[in-house]
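Have a look at structure_21.txt; it's compact mmCIF, N, CA and C atoms:
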# COMPACT_ATOMS: atom_id res chain seq x y z
N MET A 1 0.86 -1.18 0.00
CA MET A 1 0.00 0.00 0.00
C MET A 1 0.90 1.24 0.00
N ARG A 2 0.61 2.16 -0.85
CA ARG A 2 1.40 3.38 -0.92
C ARG A 2 1.12 4.27 0.27
N GLN A 3 2.10 5.05 0.66
CA GLN A 3 2.00 5.91 1.84
C GLN A 3 0.81 6.88 1.78
N PRO A 4 0.57 7.59 0.67
CA PRO A 4 -0.59 8.51 0.65
C PRO A 4 -1.91 7.79 0.85
N ASP A 5 -2.06 6.59 0.25
CA ASP A 5 -3.30 5.83 0.42
C ASP A 5 -3.48 5.42 1.87
N ARG A 6 -2.41 4.99 2.47
CA ARG A 6 -2.46 4.54 3.87
C ARG A 6 -2.84 5.69 4.78
N LYS A 7 -2.23 6.82 4.56
CA LYS A 7 -2.52 7.99 5.39
C LYS A 7 -3.96 8.46 5.21
N ALA A 8 -4.44 8.45 3.97
CA ALA A 8 -5.82 8.86 3.70
C ALA A 8 -6.81 7.89 4.36
N LYS A 9 -6.50 6.60 4.33
CA LYS A 9 -7.38 5.63 4.97
C LYS A 9 -7.39 5.79 6.48
N LEU A 10 -6.24 6.10 7.06
CA LEU A 10 -6.20 6.35 8.51
C LEU A 10 -7.04 7.56 8.88
N PHE A 11 -6.95 8.61 8.10
CA PHE A 11 -7.76 9.80 8.38
C PHE A 11 -9.25 9.51 8.18
N ALA A 12 -9.58 8.69 7.19
CA ALA A 12 -10.99 8.32 6.98
C ALA A 12 -11.51 7.51 8.16
N ARG A 13 -10.68 6.63 8.67
CA ARG A 13 -11.08 5.85 9.84
C ARG A 13 -11.28 6.77 11.05
N MET A 14 -10.41 7.75 11.20
CA MET A 14 -10.55 8.70 12.29
C MET A 14 -11.85 9.51 12.13
N ALA A 15 -12.19 9.86 10.90
CA ALA A 15 -13.42 10.61 10.65
C ALA A 15 -14.65 9.77 11.02
N ARG A 16 -14.60 8.48 10.69
CA ARG A 16 -15.72 7.60 11.07
C ARG A 16 -15.82 7.50 12.59
N LEU A 17 -14.69 7.42 13.25
CA LEU A 17 -14.68 7.37 14.72
C LEU A 17 -15.28 8.64 15.31
N ARG A 18 -14.95 9.78 14.73
CA ARG A 18 -15.51 11.05 15.21
C ARG A 18 -17.02 11.11 14.98
N GLU A 19 -17.49 10.51 13.88
CA GLU A 19 -18.93 10.48 13.62
C GLU A 19 -19.65 9.62 14.66
N VAL A 20 -19.07 8.50 15.01
CA VAL A 20 -19.65 7.64 16.05
C VAL A 20 -19.66 8.38 17.39
N GLU A 21 -18.58 9.09 17.67
CA GLU A 21 -18.50 9.88 18.90
C GLU A 21 -19.60 10.95 18.92
N ARG A 22 -19.84 11.58 17.79
CA ARG A 22 -20.88 12.61 17.71
C ARG A 22 -22.26 12.00 17.92
N GLN A 23 -22.50 10.85 17.32
CA GLN A 23 -23.80 10.20 17.48
C GLN A 23 -24.03 9.79 18.93
N ALA A 24 -22.99 9.30 19.60
CA ALA A 24 -23.12 8.95 21.02
C ALA A 24 -23.43 10.19 21.85
N ALA A 25 -22.81 11.30 21.52
CA ALA A 25 -23.08 12.56 22.23
C ALA A 25 -24.52 13.01 21.99
N MET A 26 -25.02 12.79 20.77
CA MET A 26 -26.41 13.15 20.48
C MET A 26 -27.38 12.31 21.31
N VAL A 27 -27.07 11.05 21.49
CA VAL A 27 -27.91 10.18 22.31
C VAL A 27 -27.91 10.66 23.76
N ARG A 28 -26.71 11.03 24.27
CA ARG A 28 -26.63 11.53 25.64
C ARG A 28 -27.43 12.82 25.80
N VAL A 29 -27.38 13.69 24.82
CA VAL A 29 -28.16 14.94 24.87
C VAL A 29 -29.65 14.64 24.90
N ALA A 30 -30.08 13.72 24.06
CA ALA A 30 -31.51 13.38 24.02
C ALA A 30 -31.97 12.77 25.34
N GLU A 31 -31.16 11.88 25.90
CA GLU A 31 -31.52 11.28 27.18
C GLU A 31 -31.57 12.32 28.29
N ALA A 32 -30.58 13.20 28.33
CA ALA A 32 -30.54 14.23 29.37
C ALA A 32 -31.71 15.19 29.23
N ALA A 33 -32.04 15.56 27.99
CA ALA A 33 -33.17 16.47 27.77
C ALA A 33 -34.49 15.79 28.15
N GLY A 34 -34.62 14.51 27.84
CA GLY A 34 -35.82 13.77 28.19
C GLY A 34 -36.00 13.67 29.70
N LEU A 35 -34.92 13.36 30.40
CA LEU A 35 -34.98 13.29 31.86
C LEU A 35 -35.30 14.64 32.45
N HIS A 36 -34.70 15.68 31.92
CA HIS A 36 -34.96 17.03 32.41
C HIS A 36 -36.44 17.38 32.24
N GLY A 37 -37.00 17.07 31.09
CA GLY A 37 -38.42 17.35 30.84
C GLY A 37 -39.33 16.57 31.78
N LYS A 38 -39.01 15.30 32.02
CA LYS A 38 -39.81 14.49 32.94
C LYS A 38 -39.76 15.05 34.35
N LEU A 39 -38.59 15.50 34.77
CA LEU A 39 -38.47 16.06 36.12
C LEU A 39 -39.22 17.39 36.25
N ILE A 40 -39.23 18.17 35.20
CA ILE A 40 -40.01 19.42 35.22
C ILE A 40 -41.49 19.10 35.36
N ASN A 41 -41.98 18.11 34.59
CA ASN A 41 -43.38 17.72 34.68
C ASN A 41 -43.72 17.16 36.06
N LEU A 42 -42.82 16.34 36.62
CA LEU A 42 -43.05 15.78 37.95
C LEU A 42 -43.11 16.88 39.01
N HIS A 43 -42.21 17.84 38.89
CA HIS A 43 -42.20 18.95 39.85
C HIS A 43 -43.49 19.76 39.75
N ALA A 44 -43.91 20.03 38.53
CA ALA A 44 -45.14 20.80 38.34
C ALA A 44 -46.35 20.04 38.88
N ARG A 45 -46.41 18.75 38.60
CA ARG A 45 -47.55 17.95 39.08
C ARG A 45 -47.55 17.84 40.59
N SER A 46 -46.39 17.67 41.19
CA SER A 46 -46.31 17.62 42.66
C SER A 46 -46.75 18.94 43.27
N GLY A 47 -46.40 20.05 42.65
CA GLY A 47 -46.83 21.36 43.12
C GLY A 47 -48.34 21.52 43.03
N GLU A 48 -48.91 21.01 41.94
CA GLU A 48 -50.37 21.09 41.79
C GLU A 48 -51.07 20.26 42.87
N ILE A 49 -50.56 19.08 43.13
CA ILE A 49 -51.17 18.22 44.16
C ILE A 49 -51.05 18.89 45.52
N ALA A 50 -49.87 19.44 45.81
CA ALA A 50 -49.68 20.10 47.10
C ALA A 50 -50.62 21.29 47.25
N ALA A 51 -50.81 22.05 46.17
CA ALA A 51 -51.71 23.21 46.23
C ALA A 51 -53.15 22.78 46.44
N SER A 52 -53.55 21.67 45.81
CA SER A 52 -54.93 21.23 45.98
C SER A 52 -55.19 20.67 47.37
N TYR A 53 -54.19 20.09 48.01
CA TYR A 53 -54.36 19.56 49.36
C TYR A 53 -54.08 20.60 50.44
N ALA A 54 -53.58 21.77 50.05
CA ALA A 54 -53.24 22.78 51.05
C ALA A 54 -54.48 23.33 51.75
N ALA A 55 -55.57 23.38 51.07
CA ALA A 55 -56.80 23.86 51.70
C ALA A 55 -57.31 22.78 52.65
N HIS A 56 -57.59 23.17 53.87
CA HIS A 56 -58.01 22.20 54.89
C HIS A 56 -59.54 22.14 54.97
N GLU A 57 -60.20 22.13 53.86
CA GLU A 57 -61.66 22.18 53.84
C GLU A 57 -62.30 20.87 54.29
N HIS A 58 -61.68 19.73 53.98
CA HIS A 58 -62.33 18.45 54.23
C HIS A 58 -61.77 17.76 55.47
N THR A 59 -61.25 18.51 56.40
CA THR A 59 -60.77 17.91 57.63
C THR A 59 -61.86 18.03 58.68
N HIS A 60 -62.23 16.90 59.25
CA HIS A 60 -63.31 16.89 60.23
C HIS A 60 -62.80 16.63 61.63
N SER A 61 -61.59 16.14 61.74
CA SER A 61 -61.06 15.85 63.08
C SER A 61 -59.57 16.15 63.09
N GLY A 62 -58.99 16.04 64.26
CA GLY A 62 -57.56 16.26 64.42
C GLY A 62 -56.75 15.19 63.71
N ASP A 63 -57.25 13.97 63.67
CA ASP A 63 -56.55 12.89 62.97
C ASP A 63 -56.52 13.17 61.46
N ASP A 64 -57.62 13.65 60.93
CA ASP A 64 -57.66 14.00 59.51
C ASP A 64 -56.65 15.11 59.20
N LEU A 65 -56.61 16.10 60.09
CA LEU A 65 -55.68 17.21 59.91
C LEU A 65 -54.23 16.72 59.99
N ALA A 66 -53.94 15.85 60.95
CA ALA A 66 -52.58 15.32 61.11
C ALA A 66 -52.18 14.50 59.87
N ALA A 67 -53.11 13.69 59.37
CA ALA A 67 -52.82 12.88 58.18
C ALA A 67 -52.59 13.78 56.97
N ARG A 68 -53.40 14.81 56.83
CA ARG A 68 -53.27 15.74 55.72
C ARG A 68 -51.93 16.49 55.81
N LEU A 69 -51.56 16.94 57.00
CA LEU A 69 -50.30 17.66 57.17
C LEU A 69 -49.11 16.75 56.93
N THR A 70 -49.20 15.49 57.33
CA THR A 70 -48.12 14.53 57.05
C THR A 70 -47.99 14.31 55.55
N PHE A 71 -49.11 14.17 54.89
CA PHE A 71 -49.10 14.00 53.43
C PHE A 71 -48.48 15.22 52.76
N LEU A 72 -48.86 16.43 53.21
CA LEU A 72 -48.31 17.66 52.64
C LEU A 72 -46.81 17.77 52.90
N ALA A 73 -46.38 17.35 54.07
CA ALA A 73 -44.94 17.37 54.37
C ALA A 73 -44.19 16.43 53.42
N GLY A 74 -44.77 15.27 53.17
CA GLY A 74 -44.17 14.34 52.21
C GLY A 74 -44.11 14.93 50.81
N LEU A 75 -45.18 15.61 50.42
CA LEU A 75 -45.19 16.27 49.11
C LEU A 75 -44.13 17.36 49.03
N GLN A 76 -43.96 18.11 50.09
CA GLN A 76 -42.94 19.16 50.11
C GLN A 76 -41.54 18.56 49.99
N THR A 77 -41.32 17.42 50.63
CA THR A 77 -40.04 16.73 50.51
C THR A 77 -39.82 16.29 49.06
N ILE A 78 -40.86 15.74 48.46
CA ILE A 78 -40.76 15.33 47.05
C ILE A 78 -40.47 16.54 46.17
N LEU A 79 -41.11 17.67 46.45
CA LEU A 79 -40.87 18.89 45.66
C LEU A 79 -39.42 19.33 45.77
N ARG A 80 -38.88 19.34 46.98
CA ARG A 80 -37.47 19.76 47.16
C ARG A 80 -36.52 18.81 46.45
N GLU A 81 -36.75 17.50 46.61
CA GLU A 81 -35.87 16.52 45.96
C GLU A 81 -35.98 16.60 44.44
N THR A 82 -37.19 16.78 43.96
CA THR A 82 -37.40 16.89 42.52
C THR A 82 -36.72 18.13 41.97
N GLU A 83 -36.79 19.23 42.72
CA GLU A 83 -36.13 20.46 42.27
C GLU A 83 -34.62 20.26 42.21
N GLY A 84 -34.06 19.59 43.21
CA GLY A 84 -32.62 19.29 43.19
C GLY A 84 -32.25 18.40 42.02
N ASP A 85 -33.07 17.38 41.79
CA ASP A 85 -32.81 16.49 40.65
C ASP A 85 -32.97 17.22 39.33
N ARG A 86 -33.92 18.13 39.25
CA ARG A 86 -34.12 18.91 38.03
C ARG A 86 -32.90 19.77 37.73
N ARG A 87 -32.33 20.37 38.78
CA ARG A 87 -31.12 21.20 38.58
C ARG A 87 -29.95 20.33 38.11
N LYS A 88 -29.82 19.14 38.71
CA LYS A 88 -28.76 18.23 38.27
C LYS A 88 -28.97 17.83 36.81
N ALA A 89 -30.21 17.52 36.45
CA ALA A 89 -30.51 17.14 35.08
C ALA A 89 -30.25 18.29 34.12
N GLU A 90 -30.53 19.51 34.56
CA GLU A 90 -30.27 20.68 33.72
C GLU A 90 -28.77 20.84 33.49
N ARG A 91 -27.98 20.67 34.55
CA ARG A 91 -26.52 20.74 34.39
C ARG A 91 -26.02 19.61 33.50
N SER A 92 -26.57 18.42 33.69
CA SER A 92 -26.19 17.28 32.87
C SER A 92 -26.52 17.52 31.41
N SER A 93 -27.68 18.11 31.16
CA SER A 93 -28.08 18.43 29.80
C SER A 93 -27.14 19.46 29.17
N ALA A 94 -26.77 20.46 29.96
CA ALA A 94 -25.84 21.48 29.45
C ALA A 94 -24.47 20.87 29.15
N GLU A 95 -24.01 19.97 30.03
CA GLU A 95 -22.73 19.30 29.80
C GLU A 95 -22.79 18.42 28.56
N ALA A 96 -23.92 17.73 28.38
CA ALA A 96 -24.08 16.88 27.20
C ALA A 96 -24.09 17.72 25.93
N MET A 97 -24.71 18.89 25.97
CA MET A 97 -24.71 19.78 24.80
C MET A 97 -23.29 20.26 24.49
N ALA A 98 -22.53 20.59 25.54
CA ALA A 98 -21.15 21.02 25.33
C ALA A 98 -20.33 19.88 24.72
N ALA A 99 -20.55 18.66 25.21
CA ALA A 99 -19.84 17.51 24.66
C ALA A 99 -20.24 17.28 23.20
N LEU A 100 -21.51 17.50 22.88
CA LEU A 100 -21.97 17.36 21.49
C LEU A 100 -21.31 18.40 20.60
N ARG A 101 -21.26 19.64 21.06
CA ARG A 101 -20.61 20.68 20.25
C ARG A 101 -19.13 20.34 20.02
N LEU A 102 -18.46 19.83 21.05
CA LEU A 102 -17.06 19.44 20.91
C LEU A 102 -16.92 18.28 19.92
N ALA A 103 -17.81 17.30 20.04
CA ALA A 103 -17.76 16.15 19.12
C ALA A 103 -18.01 16.58 17.68
N GLU A 104 -18.95 17.50 17.48
CA GLU A 104 -19.21 17.99 16.12
C GLU A 104 -18.02 18.76 15.59
N ARG A 105 -17.39 19.54 16.43
CA ARG A 105 -16.21 20.29 16.00
C ARG A 105 -15.08 19.33 15.62
N ARG A 106 -14.87 18.31 16.46
CA ARG A 106 -13.82 17.34 16.17
C ARG A 106 -14.13 16.58 14.88
N ARG A 107 -15.42 16.27 14.65
CA ARG A 107 -15.81 15.57 13.43
C ARG A 107 -15.54 16.44 12.21
N ASP A 108 -15.88 17.72 12.31
CA ASP A 108 -15.65 18.64 11.20
C ASP A 108 -14.16 18.76 10.89
N ILE A 109 -13.35 18.86 11.93
CA ILE A 109 -11.90 18.96 11.73
C ILE A 109 -11.38 17.69 11.06
N ALA A 110 -11.85 16.53 11.54
CA ALA A 110 -11.40 15.26 10.95
C ALA A 110 -11.83 15.17 9.49
N GLY A 111 -13.04 15.63 9.18
CA GLY A 111 -13.51 15.62 7.79
C GLY A 111 -12.67 16.51 6.90
N GLU A 112 -12.30 17.67 7.42
CA GLU A 112 -11.45 18.58 6.65
C GLU A 112 -10.07 17.96 6.41
N ARG A 113 -9.56 17.27 7.44
CA ARG A 113 -8.24 16.63 7.28
C ARG A 113 -8.31 15.50 6.26
N VAL A 114 -9.42 14.77 6.27
CA VAL A 114 -9.58 13.68 5.29
C VAL A 114 -9.59 14.27 3.89
N ALA A 115 -10.36 15.33 3.70
CA ALA A 115 -10.44 15.95 2.38
C ALA A 115 -9.08 16.48 1.93
N ALA A 116 -8.38 17.12 2.84
CA ALA A 116 -7.05 17.66 2.51
C ALA A 116 -6.07 16.53 2.20
N GLU A 117 -6.13 15.47 2.97
CA GLU A 117 -5.22 14.35 2.75
C GLU A 117 -5.52 13.65 1.43
N ARG A 118 -6.80 13.50 1.11
CA ARG A 118 -7.15 12.89 -0.18
C ARG A 118 -6.67 13.74 -1.35
N GLN A 119 -6.84 15.04 -1.20
CA GLN A 119 -6.40 15.94 -2.26
C GLN A 119 -4.88 15.87 -2.41
N ALA A 120 -4.16 15.85 -1.28
CA ALA A 120 -2.71 15.76 -1.35
C ALA A 120 -2.28 14.42 -1.95
N ALA A 121 -2.98 13.35 -1.60
CA ALA A 121 -2.65 12.03 -2.14
C ALA A 121 -2.90 11.99 -3.64
N GLU A 122 -4.00 12.60 -4.08
CA GLU A 122 -4.29 12.63 -5.51
C GLU A 122 -3.23 13.42 -6.26
N LYS A 123 -2.81 14.54 -5.69
CA LYS A 123 -1.77 15.34 -6.34
C LYS A 123 -0.47 14.56 -6.42
N GLN A 124 -0.14 13.87 -5.33
CA GLN A 124 1.10 13.11 -5.30
C GLN A 124 1.05 11.96 -6.31
N LEU A 125 -0.08 11.29 -6.38
CA LEU A 125 -0.21 10.21 -7.35
C LEU A 125 -0.19 10.73 -8.78
N ALA A 126 -0.81 11.87 -9.00
CA ALA A 126 -0.79 12.46 -10.34
C ALA A 126 0.64 12.85 -10.74
N ALA A 127 1.40 13.35 -9.77
CA ALA A 127 2.79 13.71 -10.07
C ALA A 127 3.62 12.47 -10.36
N ARG A 128 3.33 11.37 -9.69
CA ARG A 128 4.06 10.13 -9.94
C ARG A 128 3.72 9.53 -11.31
N ASP A 129 2.49 9.76 -11.75
CA ASP A 129 2.03 9.17 -13.00
C ASP A 129 2.52 9.92 -14.24
N LEU A 130 3.18 11.06 -14.04
CA LEU A 130 3.70 11.78 -15.20
C LEU A 130 4.78 10.95 -15.88
N PRO A 131 4.83 10.99 -17.16
CA PRO A 131 5.89 10.25 -17.86
C PRO A 131 7.26 10.76 -17.42
N VAL A 132 8.22 9.87 -17.45
CA VAL A 132 9.57 10.19 -16.98
C VAL A 132 10.18 11.33 -17.77
N PHE A 133 9.98 11.38 -19.07
CA PHE A 133 10.59 12.42 -19.89
C PHE A 133 9.97 13.79 -19.63
N VAL A 134 8.77 13.87 -19.04
CA VAL A 134 8.11 15.15 -18.81
C VAL A 134 8.67 15.83 -17.56
N ARG A 135 9.06 15.06 -16.57
CA ARG A 135 9.53 15.63 -15.31
C ARG A 135 10.72 16.57 -15.49
N PRO A 136 11.77 16.18 -16.18
CA PRO A 136 12.89 17.12 -16.34
C PRO A 136 12.49 18.36 -17.15
N VAL A 137 11.60 18.19 -18.09
CA VAL A 137 11.15 19.33 -18.89
C VAL A 137 10.44 20.33 -17.99
N LEU A 138 9.58 19.82 -17.14
CA LEU A 138 8.86 20.71 -16.21
C LEU A 138 9.84 21.41 -15.27
N ALA A 139 10.84 20.66 -14.80
CA ALA A 139 11.81 21.25 -13.89
C ALA A 139 12.58 22.36 -14.60
N ARG A 140 12.98 22.15 -15.87
CA ARG A 140 13.71 23.18 -16.60
C ARG A 140 12.83 24.38 -16.87
N LYS A 141 11.54 24.14 -17.15
CA LYS A 141 10.64 25.23 -17.43
C LYS A 141 10.44 26.07 -16.17
N LEU A 142 10.38 25.42 -15.03
CA LEU A 142 10.19 26.16 -13.79
C LEU A 142 11.44 26.96 -13.42
N LYS A 143 12.63 26.48 -13.76
CA LYS A 143 13.86 27.19 -13.45
C LYS A 143 14.03 28.39 -14.36
N GLY A 144 13.72 28.23 -15.61
CA GLY A 144 14.04 29.24 -16.60
C GLY A 144 12.87 30.03 -16.92
Turn this file's structure into structure tokens for me.
Amino acid sequence: MRQPDRKAKLFARMARLREVERQAAMVRVAEAAGLHGKLINLHARSGEIAASYAAHEHTHSGDDLAARLTFLAGLQTILRETEGDRRKAERSSAEAMAALRLAERRRDIAGERVAAERQAAEKQLAARDLPVFVRPVLARKLKG
């Protein structure tokens, strides 16, 4: 295998690797965004439930009130934990987006290198394919 062909194939393999890396980053972004959306919905729904139970209209005894307050305390704990998880998911989503941008940049750079290497290999092969008698003529023409 000639050196230009080998080098071009190595760069092509690197470009394919960068494409796989980009696709994996896209999957991570989608998963992080999906989790973030689910946590936002869970937080909103928990808030709605807590707001609907906050009114003590249907309490007829102290036991009912105690049970309702215990339930509301549990909902408030769920709201706090969900908010913390939502913030973590938001950070995770932002990190995944940054990783995707980096992977896309690396893929673009690898693609440019592949194109440049192929072009250089084609030029080198074209120069090798010139007839032997033409090379010295070209060299003399360039000197004079």
Check your understanding: Which one of A:Ile49, A:Ala110, A:Ala103, A:Ala127 sits closest to Leu72 in chain A if you count all atoms listed in the file?
Key ->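 Closest to Leu72 in chain A of all the choices is A:Ile49.
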Practice item. In Å, rounded to a single decimal, give me how far atom N of Glu122 in chain A is from atom N of Leu17 in chain A. Key: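 Computing the Euclidean distance for atom N of Leu17 in chain A and atom N of Glu122 in chain A yields 21.0 Å.
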Exercise for review: For CA of Glu83 in chain A and CA of Glu48 in chain A, quote the distance in Å rounded to one decimal.
Suggested key: 14.3 Å
Practice item. Could you jot down the CA of Gly84 in chain A to CA of Ala30 in chain A separation for me, Å, one decimal place? Key: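 Between CA of Gly84 in chain A and CA of Ala30 in chain A the gap works out to 20.1 Å.
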Review point. Which of these residues is nearest to Gly47 in chain A, using all atoms listed in the file: A:Leu35, A:Met26, A:Ile78, A:Ala89?
Key: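 Closest candidate: A:Ile78.
Excluding Arg86 in chain A and any residue on its chain fewer than 4 positions from it, the residues at most 7 Å away by only C-alpha atoms are His36, Leu39, Ile40, Thr82 and Glu90 of chain A.
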Practice item. Choose the residue, out of A:Glu117, A:Glu21, A:Glu31, A:Glu112, that has the smallest atom-to-atom separation from Asp5 in chain A; count only N, CA and C atoms. Key: A:Glu117
Check your understanding: Smallest atom-to-atom distance to Ala24 in chain A: which of A:Arg105, A:Ala50, A:Ala99, A:Ser92, using only C-alpha atoms?
Key ->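 The answer is A:Ala99, which sits nearest to Ala24 in chain A.
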